[in-house]
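Novice: What follows is the file input-v2.cif, containing mmCIF, N, CA and C atoms:
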```cif
data_coords
loop_
_atom_site.label_atom_id
_atom_site.label_comp_id
_atom_site.auth_asym_id
_atom_site.auth_seq_id
_atom_site.Cartn_x
_atom_site.Cartn_y
_atom_site.Cartn_z
N GLN A 533 185.66 32.77 84.16
CA GLN A 533 185.12 33.00 85.50
C GLN A 533 186.08 33.85 86.31
N VAL A 534 185.59 34.35 87.43
CA VAL A 534 186.41 35.20 88.28
C VAL A 534 187.44 34.36 89.02
N GLN A 535 188.66 34.82 89.00
CA GLN A 535 189.74 34.16 89.74
C GLN A 535 190.56 35.18 90.49
N LEU A 536 190.90 34.84 91.72
CA LEU A 536 191.81 35.64 92.54
C LEU A 536 192.97 34.73 92.92
N VAL A 537 194.17 35.18 92.65
CA VAL A 537 195.35 34.36 92.92
C VAL A 537 196.34 35.17 93.77
N GLU A 538 196.57 34.68 94.99
CA GLU A 538 197.51 35.34 95.89
C GLU A 538 198.91 34.78 95.71
N SER A 539 199.88 35.61 96.04
CA SER A 539 201.27 35.19 96.04
C SER A 539 202.04 36.07 97.01
N GLY A 540 203.27 35.64 97.33
CA GLY A 540 204.15 36.46 98.16
C GLY A 540 204.32 36.00 99.58
N GLY A 541 203.60 34.97 99.98
CA GLY A 541 203.76 34.48 101.34
C GLY A 541 205.08 33.77 101.52
N GLY A 542 205.38 33.42 102.77
CA GLY A 542 206.62 32.72 103.06
C GLY A 542 206.97 32.77 104.52
N LEU A 543 208.21 32.40 104.81
CA LEU A 543 208.73 32.39 106.18
C LEU A 543 209.62 33.62 106.36
N VAL A 544 209.38 34.35 107.44
CA VAL A 544 210.15 35.56 107.71
C VAL A 544 210.38 35.66 109.22
N GLN A 545 211.45 36.30 109.61
CA GLN A 545 211.73 36.49 111.03
C GLN A 545 210.94 37.68 111.58
N THR A 546 210.79 37.70 112.88
CA THR A 546 210.14 38.84 113.56
C THR A 546 210.81 40.14 113.13
N GLU A 547 209.99 41.15 112.91
CA GLU A 547 210.39 42.47 112.43
C GLU A 547 210.72 42.49 110.94
N GLY A 548 210.57 41.37 110.27
CA GLY A 548 210.79 41.33 108.83
C GLY A 548 209.61 41.87 108.05
N SER A 549 209.73 41.83 106.72
CA SER A 549 208.70 42.36 105.83
C SER A 549 208.37 41.35 104.73
N LEU A 550 207.14 41.43 104.28
CA LEU A 550 206.69 40.67 103.11
C LEU A 550 205.69 41.54 102.35
N ARG A 551 205.60 41.30 101.05
CA ARG A 551 204.56 41.94 100.27
C ARG A 551 203.73 40.87 99.58
N LEU A 552 202.46 40.85 99.91
CA LEU A 552 201.52 39.94 99.28
C LEU A 552 200.89 40.61 98.07
N SER A 553 200.62 39.80 97.06
CA SER A 553 199.93 40.28 95.86
C SER A 553 198.72 39.41 95.60
N CYS A 554 197.70 40.00 95.01
CA CYS A 554 196.50 39.26 94.62
C CYS A 554 196.11 39.74 93.24
N SER A 555 196.20 38.86 92.27
CA SER A 555 195.85 39.20 90.90
C SER A 555 194.45 38.69 90.58
N ALA A 556 193.65 39.55 89.96
CA ALA A 556 192.28 39.21 89.64
C ALA A 556 192.10 39.08 88.13
N SER A 557 191.21 38.20 87.75
CA SER A 557 190.87 38.04 86.34
C SER A 557 189.41 37.67 86.21
N GLY A 558 188.87 37.92 85.02
CA GLY A 558 187.49 37.55 84.76
C GLY A 558 186.46 38.60 85.12
N LEU A 559 186.93 39.81 85.46
CA LEU A 559 186.00 40.86 85.80
C LEU A 559 186.65 42.23 85.59
N THR A 560 185.85 43.27 85.74
CA THR A 560 186.37 44.64 85.65
C THR A 560 186.86 45.03 87.03
N PHE A 561 188.13 44.78 87.27
CA PHE A 561 188.73 44.89 88.60
C PHE A 561 188.48 46.24 89.23
N SER A 562 188.56 47.30 88.45
CA SER A 562 188.47 48.65 88.99
C SER A 562 187.10 48.98 89.55
N SER A 563 186.12 48.12 89.35
CA SER A 563 184.77 48.38 89.85
C SER A 563 184.52 47.82 91.24
N TYR A 564 185.48 47.11 91.79
CA TYR A 564 185.26 46.36 93.01
C TYR A 564 186.14 46.81 94.17
N ALA A 565 185.59 46.71 95.35
CA ALA A 565 186.39 46.87 96.56
C ALA A 565 187.11 45.55 96.84
N MET A 566 188.30 45.66 97.40
CA MET A 566 189.11 44.49 97.69
C MET A 566 189.52 44.48 99.16
N ALA A 567 189.81 43.28 99.64
CA ALA A 567 190.22 43.18 101.04
C ALA A 567 191.18 42.02 101.24
N TRP A 568 191.87 42.07 102.36
CA TRP A 568 192.68 40.96 102.83
C TRP A 568 192.10 40.49 104.16
N PHE A 569 191.98 39.18 104.29
CA PHE A 569 191.62 38.53 105.54
C PHE A 569 192.73 37.54 105.87
N ARG A 570 192.73 37.06 107.09
CA ARG A 570 193.70 36.03 107.48
C ARG A 570 193.08 35.05 108.45
N GLN A 571 193.64 33.86 108.45
CA GLN A 571 193.17 32.84 109.38
C GLN A 571 194.38 32.16 110.00
N ALA A 572 194.53 32.37 111.29
CA ALA A 572 195.62 31.74 112.03
C ALA A 572 195.20 30.33 112.44
N PRO A 573 196.17 29.45 112.72
CA PRO A 573 195.84 28.08 113.12
C PRO A 573 194.91 28.06 114.32
N GLY A 574 193.82 27.34 114.20
CA GLY A 574 192.90 27.18 115.30
C GLY A 574 192.01 28.37 115.57
N LYS A 575 192.05 29.36 114.69
CA LYS A 575 191.24 30.57 114.90
C LYS A 575 190.33 30.82 113.71
N GLU A 576 189.35 31.69 113.92
CA GLU A 576 188.47 32.06 112.83
C GLU A 576 189.16 33.07 111.92
N ARG A 577 188.66 33.13 110.71
CA ARG A 577 189.20 34.10 109.77
C ARG A 577 188.86 35.51 110.22
N GLU A 578 189.82 36.43 110.09
CA GLU A 578 189.59 37.80 110.52
C GLU A 578 189.98 38.79 109.43
N PHE A 579 189.33 39.94 109.48
CA PHE A 579 189.60 41.03 108.56
C PHE A 579 190.96 41.63 108.85
N VAL A 580 191.67 42.02 107.79
CA VAL A 580 192.97 42.68 107.95
C VAL A 580 192.93 44.09 107.37
N ALA A 581 192.49 44.22 106.11
CA ALA A 581 192.49 45.54 105.47
C ALA A 581 191.56 45.52 104.27
N ALA A 582 191.04 46.69 103.91
CA ALA A 582 190.18 46.81 102.73
C ALA A 582 190.45 48.12 102.03
N ILE A 583 190.16 48.14 100.73
CA ILE A 583 190.40 49.33 99.91
C ILE A 583 189.28 49.44 98.88
N ASN A 584 188.76 50.65 98.69
CA ASN A 584 187.71 50.80 97.71
C ASN A 584 188.30 50.90 96.30
N TRP A 585 187.44 51.07 95.30
CA TRP A 585 187.88 50.97 93.91
C TRP A 585 188.89 52.06 93.55
N SER A 586 188.75 53.23 94.17
CA SER A 586 189.60 54.35 93.80
C SER A 586 190.76 54.57 94.75
N SER A 587 190.86 53.73 95.76
CA SER A 587 191.88 53.86 96.81
C SER A 587 191.65 55.07 97.70
N SER A 588 190.48 55.66 97.64
CA SER A 588 190.19 56.83 98.46
C SER A 588 189.71 56.46 99.86
N ARG A 589 189.28 55.23 100.04
CA ARG A 589 188.85 54.76 101.36
C ARG A 589 189.61 53.47 101.69
N ILE A 590 190.30 53.49 102.82
CA ILE A 590 191.10 52.34 103.25
C ILE A 590 190.83 52.10 104.72
N TYR A 591 190.70 50.84 105.08
CA TYR A 591 190.43 50.46 106.47
C TYR A 591 191.39 49.36 106.89
N TYR A 592 191.74 49.39 108.19
CA TYR A 592 192.65 48.38 108.73
C TYR A 592 192.14 47.83 110.05
N LEU A 593 192.52 46.60 110.31
CA LEU A 593 192.40 46.02 111.65
C LEU A 593 193.32 46.83 112.56
N ASP A 594 192.87 47.13 113.76
CA ASP A 594 193.66 47.97 114.66
C ASP A 594 195.07 47.43 114.88
N SER A 595 195.20 46.13 115.00
CA SER A 595 196.50 45.56 115.36
C SER A 595 197.53 45.63 114.23
N VAL A 596 197.10 45.98 113.02
CA VAL A 596 198.05 46.07 111.90
C VAL A 596 198.28 47.52 111.45
N LYS A 597 197.52 48.46 112.02
CA LYS A 597 197.69 49.86 111.65
C LYS A 597 199.12 50.32 111.92
N GLY A 598 199.68 51.02 110.94
CA GLY A 598 201.05 51.51 111.07
C GLY A 598 202.10 50.49 110.65
N ARG A 599 201.68 49.23 110.44
CA ARG A 599 202.63 48.19 110.02
C ARG A 599 202.29 47.66 108.63
N PHE A 600 201.00 47.55 108.32
CA PHE A 600 200.56 47.02 107.04
C PHE A 600 200.01 48.15 106.18
N THR A 601 200.19 48.00 104.86
CA THR A 601 199.64 48.96 103.91
C THR A 601 198.99 48.22 102.76
N ILE A 602 197.71 48.50 102.54
CA ILE A 602 197.01 47.93 101.40
C ILE A 602 197.02 48.95 100.26
N SER A 603 197.19 48.45 99.05
CA SER A 603 197.18 49.33 97.88
C SER A 603 196.69 48.51 96.68
N ARG A 604 196.40 49.19 95.61
CA ARG A 604 195.94 48.50 94.41
C ARG A 604 196.45 49.21 93.17
N ASP A 605 196.59 48.42 92.12
CA ASP A 605 196.96 48.95 90.80
C ASP A 605 195.90 48.45 89.83
N ASN A 606 194.96 49.30 89.50
CA ASN A 606 193.85 48.87 88.66
C ASN A 606 194.30 48.52 87.24
N ALA A 607 195.39 49.12 86.80
CA ALA A 607 195.90 48.79 85.46
C ALA A 607 196.46 47.37 85.41
N LYS A 608 196.88 46.88 86.57
CA LYS A 608 197.44 45.52 86.64
C LYS A 608 196.48 44.52 87.27
N ASN A 609 195.27 44.99 87.61
CA ASN A 609 194.28 44.11 88.24
C ASN A 609 194.83 43.42 89.49
N THR A 610 195.55 44.17 90.28
CA THR A 610 196.25 43.60 91.42
C THR A 610 196.07 44.46 92.67
N VAL A 611 195.90 43.78 93.79
CA VAL A 611 195.89 44.44 95.10
C VAL A 611 197.07 43.89 95.89
N TYR A 612 197.65 44.75 96.70
CA TYR A 612 198.86 44.40 97.46
C TYR A 612 198.62 44.57 98.95
N LEU A 613 199.42 43.85 99.72
CA LEU A 613 199.47 44.07 101.16
C LEU A 613 200.93 44.08 101.56
N GLN A 614 201.44 45.27 101.83
CA GLN A 614 202.81 45.41 102.32
C GLN A 614 202.78 45.23 103.83
N MET A 615 203.53 44.28 104.31
CA MET A 615 203.53 43.96 105.73
C MET A 615 204.93 44.19 106.29
N ASN A 616 205.04 45.14 107.19
CA ASN A 616 206.32 45.46 107.83
C ASN A 616 206.24 45.16 109.32
N SER A 617 207.39 45.09 109.96
CA SER A 617 207.47 44.86 111.40
C SER A 617 206.61 43.66 111.80
N LEU A 618 206.77 42.60 111.09
CA LEU A 618 205.93 41.42 111.32
C LEU A 618 206.19 40.81 112.69
N LYS A 619 205.13 40.26 113.26
CA LYS A 619 205.18 39.63 114.57
C LYS A 619 204.72 38.18 114.45
N PRO A 620 205.12 37.35 115.39
CA PRO A 620 204.67 35.95 115.34
C PRO A 620 203.14 35.83 115.27
N GLU A 621 202.43 36.76 115.91
CA GLU A 621 200.97 36.69 115.88
C GLU A 621 200.37 37.04 114.53
N ASP A 622 201.19 37.47 113.57
CA ASP A 622 200.72 37.69 112.21
C ASP A 622 200.74 36.40 111.39
N THR A 623 201.26 35.34 111.97
CA THR A 623 201.30 34.05 111.27
C THR A 623 199.89 33.59 110.95
N ALA A 624 199.63 33.31 109.67
CA ALA A 624 198.29 32.94 109.23
C ALA A 624 198.33 32.64 107.74
N VAL A 625 197.23 32.10 107.26
CA VAL A 625 196.98 32.06 105.82
C VAL A 625 196.23 33.33 105.46
N TYR A 626 196.76 34.05 104.50
CA TYR A 626 196.17 35.33 104.08
C TYR A 626 195.38 35.13 102.79
N TYR A 627 194.16 35.66 102.79
CA TYR A 627 193.26 35.54 101.66
C TYR A 627 192.90 36.92 101.13
N CYS A 628 192.85 37.06 99.84
CA CYS A 628 192.26 38.27 99.28
C CYS A 628 190.81 37.96 98.90
N ALA A 629 190.00 39.01 98.92
CA ALA A 629 188.57 38.86 98.65
C ALA A 629 188.07 40.09 97.91
N LEU A 630 186.97 39.90 97.21
CA LEU A 630 186.43 40.94 96.35
C LEU A 630 184.93 41.07 96.58
N THR A 631 184.45 42.31 96.60
CA THR A 631 183.03 42.53 96.74
C THR A 631 182.54 43.54 95.71
N GLY A 632 181.36 43.30 95.21
CA GLY A 632 180.75 44.20 94.25
C GLY A 632 179.98 45.32 94.92
N ASN A 633 179.93 45.29 96.24
CA ASN A 633 179.22 46.33 96.99
C ASN A 633 180.22 47.17 97.77
N TYR A 634 179.74 48.21 98.37
CA TYR A 634 180.64 49.04 99.16
C TYR A 634 179.93 49.59 100.38
N GLY A 635 180.68 49.69 101.43
CA GLY A 635 180.13 50.27 102.65
C GLY A 635 181.25 50.76 103.53
N ASN A 636 180.93 50.97 104.77
CA ASN A 636 181.93 51.49 105.69
C ASN A 636 182.73 50.33 106.29
N TYR A 637 183.45 50.62 107.35
CA TYR A 637 184.30 49.59 107.96
C TYR A 637 183.48 48.37 108.38
N GLY A 638 182.33 48.60 108.95
CA GLY A 638 181.51 47.50 109.42
C GLY A 638 181.12 46.55 108.31
N PHE A 639 180.87 47.11 107.15
CA PHE A 639 180.49 46.29 106.00
C PHE A 639 181.70 45.56 105.44
N LEU A 640 182.77 46.29 105.20
CA LEU A 640 183.94 45.70 104.53
C LEU A 640 184.73 44.74 105.41
N SER A 641 184.54 44.82 106.71
CA SER A 641 185.26 43.90 107.60
C SER A 641 184.51 42.59 107.82
N ASP A 642 183.33 42.47 107.24
CA ASP A 642 182.50 41.28 107.40
C ASP A 642 182.70 40.36 106.20
N GLU A 643 183.26 39.19 106.43
CA GLU A 643 183.58 38.30 105.31
C GLU A 643 182.34 37.85 104.55
N ARG A 644 181.18 37.94 105.16
CA ARG A 644 179.95 37.51 104.48
C ARG A 644 179.59 38.43 103.32
N ASN A 645 180.19 39.58 103.24
CA ASN A 645 179.87 40.54 102.19
C ASN A 645 180.76 40.40 100.95
N TYR A 646 181.59 39.38 100.94
CA TYR A 646 182.51 39.20 99.81
C TYR A 646 182.05 38.07 98.89
N ASN A 647 182.15 38.34 97.59
CA ASN A 647 181.63 37.42 96.60
C ASN A 647 182.66 36.39 96.15
N TYR A 648 183.92 36.79 96.11
CA TYR A 648 184.97 35.93 95.59
C TYR A 648 186.18 35.94 96.51
N TRP A 649 186.85 34.78 96.56
CA TRP A 649 188.00 34.59 97.43
C TRP A 649 189.13 33.91 96.67
N GLY A 650 190.36 34.24 97.06
CA GLY A 650 191.50 33.51 96.56
C GLY A 650 191.73 32.25 97.37
N GLN A 651 192.76 31.52 96.99
CA GLN A 651 193.04 30.24 97.65
C GLN A 651 193.89 30.40 98.91
N GLY A 652 194.47 31.57 99.08
CA GLY A 652 195.26 31.84 100.27
C GLY A 652 196.75 31.66 100.04
N THR A 653 197.53 32.43 100.81
CA THR A 653 198.98 32.29 100.81
C THR A 653 199.44 32.31 102.26
N ARG A 654 200.34 31.41 102.59
CA ARG A 654 200.72 31.24 103.99
C ARG A 654 201.86 32.17 104.37
N VAL A 655 201.69 32.81 105.51
CA VAL A 655 202.73 33.67 106.08
C VAL A 655 203.10 33.11 107.45
N THR A 656 204.38 32.84 107.64
CA THR A 656 204.87 32.34 108.92
C THR A 656 205.95 33.28 109.42
N VAL A 657 205.75 33.80 110.64
CA VAL A 657 206.70 34.72 111.25
C VAL A 657 207.34 34.00 112.43
N SER A 658 208.64 33.80 112.33
CA SER A 658 209.35 33.08 113.39
C SER A 658 209.89 34.05 114.43
N SER A 659 209.90 33.59 115.66
CA SER A 659 210.37 34.46 116.76
C SER A 659 211.86 34.27 117.01
#
```
Would you write out, as structure tokens, the structure that this file holds?
Specialist:
Amino acid sequence: QVQLVESGGGLVQTEGSLRLSCSASGLTFSSYAMAWFRQAPGKEREFVAAINWSSSRIYYLDSVKGRFTISRDNAKNTVYLQMNSLKPEDTAVYYCALTGNYGNYGFLSDERNYNYWGQGTRVTVSS
């Protein structure tokens, strides 16, 4: 079956960096668009970044533009989220997600369009 497994979360100070990884199995990874979402304590889950199968189309939440970078390695069945200049408001559980469909920002930022989800990895940014 399809599995997504995130790793790389942890505790970091403000302005620090982390790199999250999400490894996929059970499918042809290169055929799917991937995304990262996050859920902060007491808040709804929100879109962070998405990347299409070829890495030719990438979208970001406005508040992470210039600080976060999403990328993928189809040979390794892995998607990454490099997070720099972290802020306390980035504290959340980060989830990777996969969709067999593709669309523009409006489509890829909507969690209802994703078929599979990882279990999440916690990121805590201390002030």
Novice: Could you pull out the residues in chain A that DSSP calls strand (DSSP E) from the backbone, as number ranges by chain?
Specialist: A: 535-539, 542-545, 550-557, 565-571, 578-583, 590-592, 600-605, 610-615, 624-631, 648-649, 653-658
Novice: Taking into account only N, CA and C atoms, which residue in the set A:Leu618, A:Tyr648, A:Thr653, A:Arg599 is nearest to A:Thr631?
Specialist: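 The answer is A:Tyr648, which sits nearest to A:Thr631.
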Novice: Quote the spacing between atom CA of A:Leu613 and atom CA of A:Ser553 in Å to one decimal place.
Specialist: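 So the answer is 6.5 Å.
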Novice: Which one is closest to A:Asn616: A:Leu550, A:Ala567, A:Ala582, A:Ile590? Count only N, CA and C atoms.
Specialist: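 Among A:Leu550, A:Ala567, A:Ala582, A:Ile590, it is A:Leu550 that comes nearest to A:Asn616.
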Novice: Just checking: using only N, CA and C atoms, which residue out of A:Pro573, A:Gly548, A:Gly540, A:Gly558 ends up closest to A:Ala624?
Specialist: A:Pro573
Novice: In Å, rounded to a single decimal, give me how far atom C of A:Val580 is from atom CA of A:Arg654.
Specialist: 15.4 Å
Novice: Between A:Ser659, A:Asn636, A:Ser557, A:Ser641, which has the minimum distance to A:Phe579 (counting all atoms listed in the file)?
Specialist: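 The answer is A:Ser641, which sits nearest to A:Phe579.
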Novice: Have a look at atom CA of A:Asn645 and atom CA of A:Tyr627 and let me know their distance in Å, one decimal.
Specialist: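 Pair atom CA of A:Asn645 / atom CA of A:Tyr627 returns 14.3 Å.
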Novice: Calculated over only C-alpha atoms, which of the candidates A:Lys597, A:Lys619, A:Arg551, A:Arg577 has the smallest distance to A:Glu538?
Specialist: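 That would be A:Arg551, the residue with the smallest distance to A:Glu538.
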Novice: On this structure, which residues satisfy the PyMOL selection byres ((chain A and resi 603) around 7), written as a ChimeraX atom specification?
Specialist: /A:583,601-602,604-605,610-614
Novice: Give the answer as one residue: which of A:Ala629, A:Val544, A:Leu559, A:Ala581 has the shortest atom-to-atom distance to A:Tyr646, using only N, CA and C atoms?
Specialist: A:Ala629
Novice: Written as a PyMOL selection string, which residues does the PyMOL selection byres ((chain A and resi 656) around 5) give for the file shown?
Specialist: chain A and resi 542-544+623+654-655+657-658
Novice: Residues as selected, N, CA and C atoms, written as a JSON list (two decimals), in the frame of the given file, can you do that?
Specialist:
```json
[["chain", "number", "residue", "atom", "x", "y", "z"],
["A", 542, "GLY", "N", 205.38, 33.42, 102.77],
["A", 542, "GLY", "CA", 206.62, 32.72, 103.06],
["A", 542, "GLY", "C", 206.97, 32.77, 104.52],
["A", 543, "LEU", "N", 208.21, 32.40, 104.81],
["A", 543, "LEU", "CA", 208.73, 32.39, 106.18],
["A", 543, "LEU", "C", 209.62, 33.62, 106.36],
["A", 544, "VAL", "N", 209.38, 34.35, 107.44],
["A", 544, "VAL", "CA", 210.15, 35.56, 107.71],
["A", 544, "VAL", "C", 210.38, 35.66, 109.22],
["A", 623, "THR", "N", 201.26, 35.34, 111.97],
["A", 623, "THR", "CA", 201.30, 34.05, 111.27],
["A", 623, "THR", "C", 199.89, 33.59, 110.95],
["A", 654, "ARG", "N", 200.34, 31.41, 102.59],
["A", 654, "ARG", "CA", 200.72, 31.24, 103.99],
["A", 654, "ARG", "C", 201.86, 32.17, 104.37],
["A", 655, "VAL", "N", 201.69, 32.81, 105.51],
["A", 655, "VAL", "CA", 202.73, 33.67, 106.08],
["A", 655, "VAL", "C", 203.10, 33.11, 107.45],
["A", 657, "VAL", "N", 205.75, 33.80, 110.64],
["A", 657, "VAL", "CA", 206.70, 34.72, 111.25],
["A", 657, "VAL", "C", 207.34, 34.00, 112.43],
["A", 658, "SER", "N", 208.64, 33.80, 112.33],
["A", 658, "SER", "CA", 209.35, 33.08, 113.39],
["A", 658, "SER", "C", 209.89, 34.05, 114.43]]
```
